[in-house]
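Asks: Please find start39.cif (mmCIF, C-alpha atoms) on the next line:
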```
data_my_file
#
loop_
_atom_site.group_PDB
_atom_site.id
_atom_site.type_symbol
_atom_site.label_atom_id
_atom_site.label_comp_id
_atom_site.auth_asym_id
_atom_site.auth_seq_id
_atom_site.Cartn_x
_atom_site.Cartn_y
_atom_site.Cartn_z
ATOM 1 C CA MET R 1 74.379 -170.029 -69.200
ATOM 2 C CA PRO R 2 76.492 -167.260 -70.769
ATOM 3 C CA GLU R 3 76.636 -163.873 -69.013
ATOM 4 C CA TYR R 4 75.706 -161.173 -71.534
ATOM 5 C CA SER R 5 76.291 -157.443 -71.173
ATOM 6 C CA ASP R 6 73.227 -155.169 -70.934
ATOM 7 C CA LYS R 7 73.820 -153.966 -74.476
ATOM 8 C CA GLU R 8 73.893 -157.530 -75.785
ATOM 9 C CA LEU R 9 70.740 -158.406 -73.862
ATOM 10 C CA LEU R 10 68.897 -155.418 -75.346
ATOM 11 C CA SER R 11 70.151 -156.364 -78.784
ATOM 12 C CA ILE R 12 68.771 -159.909 -78.366
ATOM 13 C CA PHE R 13 65.497 -158.460 -77.084
ATOM 14 C CA SER R 14 65.153 -156.254 -80.167
ATOM 15 C CA GLU R 15 64.611 -159.408 -82.284
ATOM 16 C CA LYS R 16 60.922 -160.365 -82.038
ATOM 17 C CA GLU R 17 61.620 -164.132 -81.994
ATOM 18 C CA SER R 18 64.138 -163.983 -79.172
ATOM 19 C CA GLN R 19 62.304 -161.566 -76.825
ATOM 20 C CA HIS R 20 61.290 -164.255 -74.313
ATOM 21 C CA TYR R 21 64.806 -165.662 -74.270
ATOM 22 C CA ALA R 22 66.346 -162.229 -73.699
ATOM 23 C CA PHE R 23 63.841 -161.434 -70.955
ATOM 24 C CA ASN R 24 64.660 -164.706 -69.211
ATOM 25 C CA LEU R 25 68.348 -163.796 -69.314
ATOM 26 C CA ILE R 26 67.595 -160.374 -67.802
ATOM 27 C CA VAL R 27 65.561 -162.007 -65.004
ATOM 28 C CA ARG R 28 68.385 -164.438 -64.259
ATOM 29 C CA LYS R 29 70.982 -161.683 -64.267
ATOM 30 C CA TYR R 30 69.158 -159.156 -62.084
ATOM 31 C CA SER R 31 66.512 -160.945 -59.993
ATOM 32 C CA GLU R 32 68.835 -161.580 -57.049
ATOM 33 C CA ARG R 33 70.153 -158.017 -56.758
ATOM 34 C CA LEU R 34 66.696 -156.534 -57.143
ATOM 35 C CA TYR R 35 65.237 -159.015 -54.669
ATOM 36 C CA TRP R 36 67.655 -157.953 -51.890
ATOM 37 C CA HIS R 37 66.994 -154.300 -52.647
ATOM 38 C CA ILE R 38 63.220 -154.862 -52.367
ATOM 39 C CA ARG R 39 63.554 -157.138 -49.332
ATOM 40 C CA LYS R 40 65.270 -154.399 -47.333
ATOM 41 C CA ILE R 41 62.338 -152.085 -48.051
ATOM 42 C CA VAL R 42 59.344 -154.413 -47.502
ATOM 43 C CA ILE R 43 61.131 -156.864 -45.070
ATOM 44 C CA SER R 44 58.868 -159.920 -45.543
ATOM 45 C CA HIS R 45 59.952 -162.584 -48.049
ATOM 46 C CA ASP R 46 56.441 -163.187 -49.416
ATOM 47 C CA ASP R 47 55.851 -159.465 -49.986
ATOM 48 C CA SER R 48 59.274 -159.149 -51.624
ATOM 49 C CA ASP R 49 58.396 -162.014 -53.952
ATOM 50 C CA ASP R 50 55.141 -160.273 -55.012
ATOM 51 C CA VAL R 51 56.908 -156.958 -55.539
ATOM 52 C CA LEU R 52 59.702 -158.605 -57.548
ATOM 53 C CA GLN R 53 57.164 -160.274 -59.839
ATOM 54 C CA ASN R 54 55.354 -156.974 -60.378
ATOM 55 C CA THR R 55 58.691 -155.313 -61.086
ATOM 56 C CA PHE R 56 59.580 -157.776 -63.823
ATOM 57 C CA LEU R 57 56.081 -157.603 -65.317
ATOM 58 C CA LYS R 58 56.534 -153.830 -65.602
ATOM 59 C CA VAL R 59 59.969 -154.433 -67.127
ATOM 60 C CA TRP R 60 58.476 -156.817 -69.708
ATOM 61 C CA GLN R 61 55.770 -154.304 -70.613
ATOM 62 C CA GLY R 62 58.199 -151.403 -70.875
ATOM 63 C CA LEU R 63 61.283 -153.019 -72.355
ATOM 64 C CA ASP R 64 60.119 -152.327 -75.926
ATOM 65 C CA GLY R 65 60.161 -148.584 -75.302
ATOM 66 C CA PHE R 66 63.287 -148.613 -73.143
ATOM 67 C CA ARG R 67 65.774 -145.958 -74.178
ATOM 68 C CA GLU R 68 69.281 -147.323 -74.087
ATOM 69 C CA ALA R 69 70.617 -143.925 -73.080
ATOM 70 C CA SER R 70 70.204 -144.835 -69.426
ATOM 71 C CA GLN R 71 71.767 -148.013 -68.123
ATOM 72 C CA LEU R 72 69.510 -151.035 -67.938
ATOM 73 C CA TYR R 73 70.209 -151.842 -64.311
ATOM 74 C CA THR R 74 69.581 -148.198 -63.237
ATOM 75 C CA TRP R 75 66.170 -148.456 -64.914
ATOM 76 C CA LEU R 76 65.477 -151.807 -63.238
ATOM 77 C CA TYR R 77 66.422 -150.442 -59.807
ATOM 78 C CA ARG R 78 64.164 -147.458 -60.344
ATOM 79 C CA ILE R 79 61.188 -149.682 -61.184
ATOM 80 C CA ALA R 80 61.917 -151.980 -58.216
ATOM 81 C CA THR R 81 62.157 -149.011 -55.825
ATOM 82 C CA ASN R 82 58.880 -147.528 -57.103
ATOM 83 C CA GLU R 83 57.094 -150.871 -56.869
ATOM 84 C CA ALA R 84 58.316 -151.459 -53.292
ATOM 85 C CA LEU R 85 57.289 -147.977 -52.114
ATOM 86 C CA THR R 86 53.932 -148.268 -53.916
ATOM 87 C CA PHE R 87 53.381 -151.589 -52.157
ATOM 88 C CA LEU R 88 53.945 -149.998 -48.723
ATOM 89 C CA ASN R 89 51.702 -147.034 -49.573
ATOM 90 C CA GLN R 90 48.932 -149.357 -50.771
ATOM 91 C CA ARG R 91 49.134 -151.269 -47.500
ATOM 92 C CA LYS R 92 48.892 -147.961 -45.605
ATOM 93 C CA ARG R 93 45.790 -146.962 -47.566
ATOM 94 C CA LYS R 94 44.194 -150.407 -47.481
ATOM 95 C CA PHE R 95 44.344 -150.784 -43.717
ATOM 96 C CA LEU R 96 44.117 -147.010 -43.027
ATOM 97 C CA ILE R 97 47.221 -147.164 -40.856
ATOM 98 C CA PRO R 98 49.629 -144.271 -40.307
ATOM 99 C CA LEU R 99 53.242 -144.517 -41.492
ATOM 100 C CA VAL R 100 54.648 -145.074 -37.983
ATOM 101 C CA ASP R 101 52.429 -148.123 -37.564
ATOM 102 C CA VAL R 102 53.543 -149.564 -40.905
ATOM 103 C CA GLU R 103 57.119 -149.371 -39.651
ATOM 104 C CA ARG R 104 56.097 -150.983 -36.357
ATOM 105 C CA GLN R 105 54.372 -153.703 -38.353
ATOM 106 C CA LEU R 106 57.546 -154.240 -40.416
ATOM 107 C CA ALA R 107 59.578 -154.496 -37.186
ATOM 108 C CA ASN R 108 57.151 -157.168 -35.920
ATOM 109 C CA THR R 109 57.540 -159.027 -39.224
ATOM 110 C CA LEU R 110 61.274 -159.007 -38.619
ATOM 111 C CA GLU R 111 60.772 -160.610 -35.182
ATOM 112 C CA SER R 112 58.796 -163.526 -36.563
ATOM 113 C CA ASP R 113 60.550 -163.880 -39.938
ATOM 114 C CA ILE R 114 61.785 -167.416 -40.502
ATOM 115 C CA TYR R 115 63.988 -166.131 -43.330
ATOM 116 C CA PHE R 116 66.057 -163.880 -41.073
ATOM 117 C CA SER R 117 69.331 -165.404 -39.930
ATOM 118 C CA GLY R 118 71.043 -162.343 -38.445
ATOM 119 C CA ASP R 119 72.164 -162.011 -34.813
ATOM 120 C CA GLU R 120 70.605 -159.663 -32.235
ATOM 121 C CA LEU R 121 72.794 -156.733 -33.295
ATOM 122 C CA GLN R 122 71.814 -157.127 -36.932
ATOM 123 C CA LYS R 123 68.161 -157.319 -35.930
ATOM 124 C CA LYS R 124 68.563 -154.139 -33.888
ATOM 125 C CA LEU R 125 70.214 -152.426 -36.848
ATOM 126 C CA GLN R 126 67.294 -153.415 -39.107
ATOM 127 C CA LYS R 127 64.825 -152.029 -36.561
ATOM 128 C CA ALA R 128 66.836 -148.809 -36.371
ATOM 129 C CA ILE R 129 66.741 -148.529 -40.186
ATOM 130 C CA LEU R 130 62.949 -148.921 -40.070
ATOM 131 C CA THR R 131 62.669 -145.790 -37.921
ATOM 132 C CA LEU R 132 64.242 -143.654 -40.678
ATOM 133 C CA PRO R 133 62.233 -141.602 -43.185
ATOM 134 C CA GLU R 134 61.657 -143.350 -46.537
ATOM 135 C CA LYS R 135 64.401 -141.570 -48.505
ATOM 136 C CA GLN R 136 67.052 -141.932 -45.795
ATOM 137 C CA ARG R 137 66.213 -145.635 -45.532
ATOM 138 C CA LEU R 138 66.749 -146.142 -49.254
ATOM 139 C CA VAL R 139 70.020 -144.218 -49.262
ATOM 140 C CA PHE R 140 71.345 -146.007 -46.178
ATOM 141 C CA ASN R 141 70.557 -149.478 -47.556
ATOM 142 C CA LEU R 142 72.078 -148.758 -50.967
ATOM 143 C CA LYS R 143 75.229 -147.250 -49.459
ATOM 144 C CA TYR R 144 75.797 -149.377 -46.368
ATOM 145 C CA PHE R 145 74.850 -152.847 -47.646
ATOM 146 C CA GLU R 146 75.232 -152.592 -51.421
ATOM 147 C CA GLU R 147 78.092 -150.069 -51.378
ATOM 148 C CA MET R 148 76.587 -148.327 -54.368
ATOM 149 C CA PRO R 149 78.434 -145.172 -55.543
ATOM 150 C CA TYR R 150 76.524 -141.922 -54.998
ATOM 151 C CA GLU R 151 76.559 -141.185 -58.752
ATOM 152 C CA GLU R 152 74.643 -144.376 -59.530
ATOM 153 C CA MET R 153 72.306 -143.783 -56.622
ATOM 154 C CA SER R 154 71.674 -140.293 -57.967
ATOM 155 C CA ASN R 155 70.421 -141.775 -61.265
ATOM 156 C CA ILE R 156 68.135 -144.229 -59.519
ATOM 157 C CA LEU R 157 66.607 -141.871 -56.958
ATOM 158 C CA ASN R 158 66.697 -138.709 -59.125
ATOM 159 C CA THR R 159 68.459 -136.799 -56.339
ATOM 160 C CA SER R 160 71.693 -134.794 -56.349
ATOM 161 C CA VAL R 161 74.874 -136.381 -54.995
ATOM 162 C CA GLY R 162 75.131 -133.673 -52.323
ATOM 163 C CA ALA R 163 71.625 -134.355 -51.051
ATOM 164 C CA LEU R 164 72.322 -138.104 -50.989
ATOM 165 C CA LYS R 165 75.493 -137.589 -48.930
ATOM 166 C CA ALA R 166 73.568 -135.432 -46.477
ATOM 167 C CA SER R 167 70.796 -138.054 -46.260
ATOM 168 C CA TYR R 168 73.315 -140.816 -45.546
ATOM 169 C CA HIS R 169 75.043 -138.690 -42.883
ATOM 170 C CA HIS R 170 71.712 -137.972 -41.118
ATOM 171 C CA ALA R 171 70.712 -141.639 -41.356
ATOM 172 C CA VAL R 172 73.962 -142.833 -39.730
ATOM 173 C CA LYS R 173 73.571 -140.295 -36.898
ATOM 174 C CA LYS R 174 69.988 -141.390 -36.191
ATOM 175 C CA ILE R 175 70.906 -145.074 -36.274
ATOM 176 C CA GLU R 176 73.788 -144.518 -33.850
ATOM 177 C CA ILE R 177 71.459 -142.699 -31.453
ATOM 178 C CA TYR R 178 68.951 -145.574 -31.719
ATOM 179 C CA LEU R 179 71.659 -148.185 -31.108
ATOM 180 C CA LYS R 180 72.991 -146.374 -28.029
ATOM 181 C CA LYS R 181 69.493 -145.940 -26.570
ATOM 182 C CA ASP R 182 69.277 -149.096 -24.425
ATOM 183 C CA MET Q 1 73.426 -153.058 -25.018
ATOM 184 C CA LYS Q 2 75.473 -150.021 -26.167
ATOM 185 C CA THR Q 3 77.001 -150.427 -29.602
ATOM 186 C CA ASN Q 4 78.491 -148.641 -32.591
ATOM 187 C CA ILE Q 5 77.350 -149.045 -36.172
ATOM 188 C CA GLU Q 6 80.880 -150.084 -37.231
ATOM 189 C CA ASN Q 7 80.769 -153.107 -34.901
ATOM 190 C CA ILE Q 8 77.803 -154.592 -36.757
ATOM 191 C CA SER Q 9 78.421 -157.073 -39.581
ATOM 192 C CA ARG Q 10 77.501 -155.806 -43.038
ATOM 193 C CA ASP Q 11 76.608 -159.319 -44.159
ATOM 194 C CA ASN Q 12 73.081 -159.793 -45.456
ATOM 195 C CA PRO Q 13 70.993 -161.052 -42.498
ATOM 196 C CA PHE Q 14 68.055 -162.106 -44.697
ATOM 197 C CA THR Q 15 67.655 -165.504 -46.360
ATOM 198 C CA VAL Q 16 65.347 -167.022 -48.978
ATOM 199 C CA PRO Q 17 63.776 -170.493 -49.458
ATOM 200 C CA GLU Q 18 65.996 -173.047 -51.182
ATOM 201 C CA ASN Q 19 66.396 -172.633 -54.962
ATOM 202 C CA TYR Q 20 64.238 -169.530 -54.806
ATOM 203 C CA PHE Q 21 66.082 -167.611 -57.544
ATOM 204 C CA GLU Q 22 66.241 -170.579 -59.954
ATOM 205 C CA ASN Q 23 62.511 -171.174 -59.513
ATOM 206 C CA PHE Q 24 61.744 -167.464 -59.743
ATOM 207 C CA ALA Q 25 63.104 -167.261 -63.304
ATOM 208 C CA LEU Q 26 60.848 -170.150 -64.359
ATOM 209 C CA ARG Q 27 57.798 -168.685 -62.590
ATOM 210 C CA MET Q 28 58.459 -165.325 -64.202
ATOM 211 C CA ALA Q 29 58.590 -166.891 -67.677
ATOM 212 C CA ASP Q 30 55.168 -168.473 -66.985
ATOM 213 C CA ASN Q 31 53.770 -165.194 -65.642
ATOM 214 C CA VAL Q 32 54.829 -163.303 -68.737
ATOM 215 C CA ILE Q 33 53.165 -165.839 -71.025
ATOM 216 C CA LYS Q 34 49.934 -165.721 -68.953
ATOM 217 C CA ASN Q 35 50.035 -161.931 -69.016
ATOM 218 C CA GLU Q 36 50.470 -161.953 -72.790
ATOM 219 C CA ASP Q 37 47.532 -164.374 -73.186
ATOM 220 C CA LYS Q 38 45.289 -162.115 -71.103
ATOM 221 C CA LYS Q 39 46.328 -159.050 -73.083
ATOM 222 C CA HIS Q 40 45.742 -160.698 -76.430
ATOM 223 C CA SER Q 41 42.640 -162.768 -75.633
ATOM 224 C CA LEU Q 42 40.153 -160.071 -76.736
ATOM 225 C CA PHE Q 43 42.297 -158.989 -79.655
ATOM 226 C CA SER Q 44 42.770 -162.575 -80.896
ATOM 227 C CA LEU Q 45 39.013 -163.212 -80.587
ATOM 228 C CA PHE Q 46 38.445 -160.374 -83.035
ATOM 229 C CA GLN Q 47 41.199 -161.710 -85.265
ATOM 230 C CA LEU Q 48 39.647 -165.180 -85.378
ATOM 231 C CA ARG Q 49 36.073 -163.923 -85.749
ATOM 232 C CA PRO Q 50 36.139 -160.540 -87.508
ATOM 233 C CA GLN Q 51 32.311 -160.523 -87.588
ATOM 234 C CA TYR Q 52 32.359 -160.097 -83.763
ATOM 235 C CA ALA Q 53 34.414 -156.945 -84.185
ATOM 236 C CA LEU Q 54 31.939 -155.676 -86.803
ATOM 237 C CA ILE Q 55 28.919 -156.442 -84.607
ATOM 238 C CA SER Q 56 30.583 -154.716 -81.623
ATOM 239 C CA ALA Q 57 31.367 -151.642 -83.723
ATOM 240 C CA ALA Q 58 27.797 -151.533 -85.093
ATOM 241 C CA CYS Q 59 26.345 -151.805 -81.576
ATOM 242 C CA LEU Q 60 28.580 -148.970 -80.439
ATOM 243 C CA VAL Q 61 27.496 -146.721 -83.340
ATOM 244 C CA LEU Q 62 23.824 -147.589 -82.716
ATOM 245 C CA PHE Q 63 24.192 -146.735 -79.048
ATOM 246 C CA PHE Q 64 25.648 -143.311 -79.878
ATOM 247 C CA VAL Q 65 22.984 -142.576 -82.487
ATOM 248 C CA ILE Q 66 20.163 -143.434 -80.052
ATOM 249 C CA THR Q 67 21.740 -141.422 -77.261
ATOM 250 C CA LEU Q 68 22.222 -138.373 -79.504
ATOM 251 C CA ASN Q 69 18.632 -138.664 -80.764
ATOM 252 C CA ILE Q 70 17.249 -138.677 -77.252
ATOM 253 C CA TYR Q 71 19.208 -135.583 -76.292
ATOM 254 C CA ASN Q 72 18.472 -133.672 -79.520
ATOM 255 C CA HIS Q 73 14.750 -134.569 -79.745
ATOM 256 C CA PRO Q 74 12.574 -131.471 -80.586
ATOM 257 C CA ASN Q 75 10.406 -132.131 -77.485
ATOM 258 C CA SER Q 76 13.430 -131.943 -75.278
ATOM 259 C CA LYS Q 77 14.361 -128.361 -76.358
ATOM 260 C CA LYS Q 78 15.388 -125.905 -73.682
ATOM 261 C CA LEU Q 79 12.565 -123.785 -72.096
ATOM 262 C CA SER Q 80 12.726 -120.050 -71.573
ATOM 263 C CA VAL Q 81 12.327 -118.627 -68.030
ATOM 264 C CA ASN Q 82 8.740 -117.483 -68.701
ATOM 265 C CA GLU Q 83 7.742 -120.831 -70.167
ATOM 266 C CA LEU Q 84 9.256 -122.541 -67.189
ATOM 267 C CA ARG Q 85 7.412 -120.262 -64.732
ATOM 268 C CA HIS Q 86 4.122 -120.808 -66.604
ATOM 269 C CA ASN Q 87 4.651 -124.580 -66.499
ATOM 270 C CA ILE Q 88 5.345 -124.511 -62.763
ATOM 271 C CA GLU Q 89 2.266 -122.341 -62.021
ATOM 272 C CA PHE Q 90 0.100 -124.578 -64.200
ATOM 273 C CA SER Q 91 1.399 -127.684 -62.479
ATOM 274 C CA ILE Q 92 0.620 -126.159 -59.032
ATOM 275 C CA ILE Q 93 -2.891 -125.116 -60.076
ATOM 276 C CA SER Q 94 -3.616 -128.474 -61.655
ATOM 277 C CA GLU Q 95 -2.753 -130.122 -58.360
ATOM 278 C CA LEU Q 96 -5.369 -128.059 -56.434
ATOM 279 C CA ASP Q 97 -8.928 -129.248 -55.797
ATOM 280 C CA GLU Q 98 -11.375 -127.507 -58.169
ATOM 281 C CA ASN Q 99 -14.002 -126.648 -55.506
ATOM 282 C CA GLU Q 100 -11.345 -125.330 -53.182
ATOM 283 C CA LEU Q 101 -10.040 -123.129 -55.999
ATOM 284 C CA ILE Q 102 -13.547 -121.695 -56.698
ATOM 285 C CA ASN Q 103 -14.086 -120.975 -52.982
ATOM 286 C CA GLN Q 104 -10.741 -119.196 -52.717
ATOM 287 C CA LEU Q 105 -11.509 -117.080 -55.815
ATOM 288 C CA GLU Q 106 -14.960 -116.107 -54.422
ATOM 289 C CA ILE Q 107 -13.453 -115.071 -51.095
ATOM 290 C CA ALA Q 108 -10.834 -112.974 -52.893
ATOM 291 C CA ASN Q 109 -13.545 -111.361 -55.081
ATOM 292 C CA ASN Q 110 -15.766 -110.474 -52.073
ATOM 293 C CA CYS Q 111 -12.828 -108.891 -50.296
ATOM 294 C CA THR Q 112 -12.143 -106.658 -53.310
ATOM 295 C CA LEU Q 113 -15.815 -105.574 -53.589
ATOM 296 C CA ASN Q 114 -16.010 -104.726 -49.877
ATOM 297 C CA LYS Q 115 -12.908 -102.607 -50.166
ATOM 298 C CA VAL Q 116 -14.360 -100.643 -53.098
ATOM 299 C CA ASP Q 117 -17.644 -100.034 -51.197
ATOM 300 C CA THR Q 118 -15.809 -98.846 -48.113
ATOM 301 C CA LEU Q 119 -13.730 -96.491 -50.215
ATOM 302 C CA ASN Q 120 -16.788 -94.991 -51.987
ATOM 303 C CA ASN Q 121 -18.625 -94.440 -48.698
ATOM 304 C CA SER Q 122 -15.691 -92.729 -47.081
ATOM 305 C CA GLN Q 123 -15.212 -90.457 -50.134
ATOM 306 C CA ARG Q 124 -18.875 -89.518 -50.039
ATOM 307 C CA ASP Q 125 -18.656 -88.720 -46.305
ATOM 308 C CA ASN Q 126 -15.583 -86.545 -46.856
ATOM 309 C CA SER Q 127 -17.294 -84.430 -49.579
ATOM 310 C CA SER Q 128 -20.414 -83.785 -47.460
ATOM 311 C CA HIS Q 129 -18.234 -82.804 -44.502
ATOM 312 C CA LEU Q 130 -16.304 -80.383 -46.692
ATOM 313 C CA ILE Q 131 -19.440 -78.702 -48.094
ATOM 314 C CA GLU Q 132 -20.905 -78.408 -44.597
ATOM 315 C CA TYR Q 133 -17.680 -76.817 -43.297
ATOM 316 C CA LEU Q 134 -17.431 -74.308 -46.126
ATOM 317 C CA SER Q 135 -21.046 -73.201 -45.712
ATOM 318 C CA LYS Q 136 -20.620 -72.865 -41.909
ATOM 319 C CA GLU Q 137 -17.445 -70.773 -42.159
ATOM 320 C CA ASP Q 138 -18.878 -68.664 -44.996
ATOM 321 C CA VAL Q 139 -15.787 -68.965 -47.077
ATOM 322 C CA ASP Q 140 -15.696 -67.064 -50.369
ATOM 323 C CA LEU Q 141 -15.440 -69.682 -53.102
ATOM 324 C CA ASN Q 142 -14.103 -67.179 -55.641
ATOM 325 C CA SER Q 143 -11.058 -66.404 -53.483
ATOM 326 C CA ILE Q 144 -10.263 -70.135 -53.288
ATOM 327 C CA GLU Q 145 -10.472 -70.454 -57.055
ATOM 328 C CA ASP Q 146 -8.119 -67.419 -57.439
ATOM 329 C CA ALA Q 147 -5.642 -68.903 -55.011
ATOM 330 C CA MET Q 148 -5.595 -72.138 -56.964
#
```
So, in terms of structure tokens, how does the structure I just supplied come out?
Replies:
Amino acid sequence: MPEYSDKELLSIFSEKESQHYAFNLIVRKYSERLYWHIRKIVISHDDSDDVLQNTFLKVWQGLDGFREASQLYTWLYRIATNEALTFLNQRKRKFLIPLVDVERQLANTLESDIYFSGDELQKKLQKAILTLPEKQRLVFNLKYFEEMPYEEMSNILNTSVGALKASYHHAVKKIEIYLKKD
Amino acid sequence: MKTNIENISRDNPFTVPENYFENFALRMADNVIKNEDKKHSLFSLFQLRPQYALISAACLVLFFVITLNIYNHPNSKKLSVNELRHNIEFSIISELDENELINQLEIANNCTLNKVDTLNNSQRDNSSHLIEYLSKEDVDLNSIEDAM
């Protein structure tokens, strides 16, 4: 299957007859990257799958009105991030559990996850990341694992580069303290 | 287990079921079609049977007309404060037993008559006392009139 640029994909999508084809190409191009981004937020594979489906349904519904001024993948990341955070908030509200307990629940999921192949250190790192506030968690994952430049991150999270750098710095400090604890 | 963040592998520790991403694209294509069908099912029903759309619109108009009529009916006009008070008093009175009402009115009437009698008697007593006093003291009535 040919790899099209975002501009080409949007151009194909603009033709009514080829909208489904273009959408399928977008899913194939971005589903993996978005999946890993979502997975690091919601941890469980099944939940990540649900959130990814919702993300692409929102993309399908909004692609007609998408303004090409912003990059397609920035827009996709923004939707995926919102969907993942909304998912966690809904779970909080549904089971009336405080935020700390949601994180504890996610850490338990990590313990029993059959789709986790990391060693003990990696597991400990993931648990340390789960103790961070929401924003710091997002910034740390995007920077540490995906090596995303701060400028791109700034577009996705609607936050200044300076604030993102500060968030990352605080996150690293907290994780190091957590890792040195036992 | 003391460690530094730099010693930890940056490799992705998570995995997915086999062929997950290939299957996901196919599932997503199905989902989008199902979603489209749901969105268009009502619209396409009206397209296939325009009379249904007309009947629905007529029902809607009828509903609004009936609702507006009920709210704007002359009998349902707003009452003034006095009318409202009168209605409340009437409703309270109408709930009372007739005999009980007559008894209560008679008692109230007797009380009023007794009060008037008592007042008249006391006035009469006061006047006689005054005349008796004036005659005893031999007060000159003309001087009183001048003073007044």
Asks: For chain R, list the residues within 7 Å of chain Q, counting only C-alpha atoms, and write the list as a ChimeraX atom specification.
Replies: /R:24,27-28,32,53,57,115-118,121-122,145,176,179-180,182
Asks: Excluding same-chain residues fewer than 2 positions from region 37-46 of chain R, what lies within 7 Å of it counting all atoms listed in the file, as a PyMOL selection string?
Replies: chain R and resi 33-35+48-50+80-81+84+106+109-110
Asks: List the residues sitting within 12 Å of (57.7, -142.5, -43.9) in the file's frame, using all atoms listed in the file, as a PyMOL selection string.
Replies: chain R and resi 41+85+88-89+92+97-104+129-138
Asks: What's around Met153 (chain R) at 12 Å? Count only C-alpha atoms, leave out sequence neighbours fewer than 5 positions away in its own chain, and write the answer as an mmCIF file with C-alpha atoms, keeping the file's coordinate frame.
Replies:
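The result, written out as result17.cif:
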```
data_model
loop_
_atom_site.group_PDB
_atom_site.id
_atom_site.type_symbol
_atom_site.label_atom_id
_atom_site.label_comp_id
_atom_site.auth_asym_id
_atom_site.auth_seq_id
_atom_site.Cartn_x
_atom_site.Cartn_y
_atom_site.Cartn_z
ATOM 1 C CA TYR R 73 70.209 -151.842 -64.311
ATOM 2 C CA THR R 74 69.581 -148.198 -63.237
ATOM 3 C CA TRP R 75 66.170 -148.456 -64.914
ATOM 4 C CA TYR R 77 66.422 -150.442 -59.807
ATOM 5 C CA ARG R 78 64.164 -147.458 -60.344
ATOM 6 C CA THR R 81 62.157 -149.011 -55.825
ATOM 7 C CA LYS R 135 64.401 -141.570 -48.505
ATOM 8 C CA LEU R 138 66.749 -146.142 -49.254
ATOM 9 C CA VAL R 139 70.020 -144.218 -49.262
ATOM 10 C CA PHE R 140 71.345 -146.007 -46.178
ATOM 11 C CA ASN R 141 70.557 -149.478 -47.556
ATOM 12 C CA LEU R 142 72.078 -148.758 -50.967
ATOM 13 C CA LYS R 143 75.229 -147.250 -49.459
ATOM 14 C CA GLU R 146 75.232 -152.592 -51.421
ATOM 15 C CA GLU R 147 78.092 -150.069 -51.378
ATOM 16 C CA MET R 148 76.587 -148.327 -54.368
ATOM 17 C CA ASN R 158 66.697 -138.709 -59.125
ATOM 18 C CA THR R 159 68.459 -136.799 -56.339
ATOM 19 C CA SER R 160 71.693 -134.794 -56.349
ATOM 20 C CA VAL R 161 74.874 -136.381 -54.995
ATOM 21 C CA GLY R 162 75.131 -133.673 -52.323
ATOM 22 C CA ALA R 163 71.625 -134.355 -51.051
ATOM 23 C CA LEU R 164 72.322 -138.104 -50.989
ATOM 24 C CA LYS R 165 75.493 -137.589 -48.930
ATOM 25 C CA SER R 167 70.796 -138.054 -46.260
ATOM 26 C CA TYR R 168 73.315 -140.816 -45.546
#
```
Asks: Find the smallest box with edges along x, y and z containing every listed atom of region 17-21 of chain Q, then add 6 Å on each side and report centre and edge lengths in Å to one decimal, as lines of an AutoDock Vina configuration file.
Replies:
```
center_x = 65.1
center_y = -170.3
center_z = -53.5
size_x = 14.6
size_y = 17.4
size_z = 20.1
```
Asks: Taking the file as shown, what set of residues would the PyMOL selection byres ((chain R and resi 10-12) around 10) give back, as a VMD selection string?
Replies: chain R and resid 4 to 9 13 to 23 25 to 26 63 to 64 66 68 72
Asks: Suppose you want the space between CA of Lys29 (chain R) and CA of Lys123 (chain R); what is it in Å?
Replies: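 Rounded to one decimal, the two atoms are 28.8 Å apart.
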Asks: What separation in Å, quoted to one decimal, exists between CA of Asn108 (chain R) and CA of Tyr178 (chain R)?
Replies: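 Interatomic distance here is 17.1 Å.
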Asks: Could you state the separation of CA of Tyr30 (chain R) and CA of Phe56 (chain R) in Å, given to one decimal place?
Replies: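 According to the coordinates, CA of Tyr30 (chain R) and CA of Phe56 (chain R) are separated by 9.8 Å.
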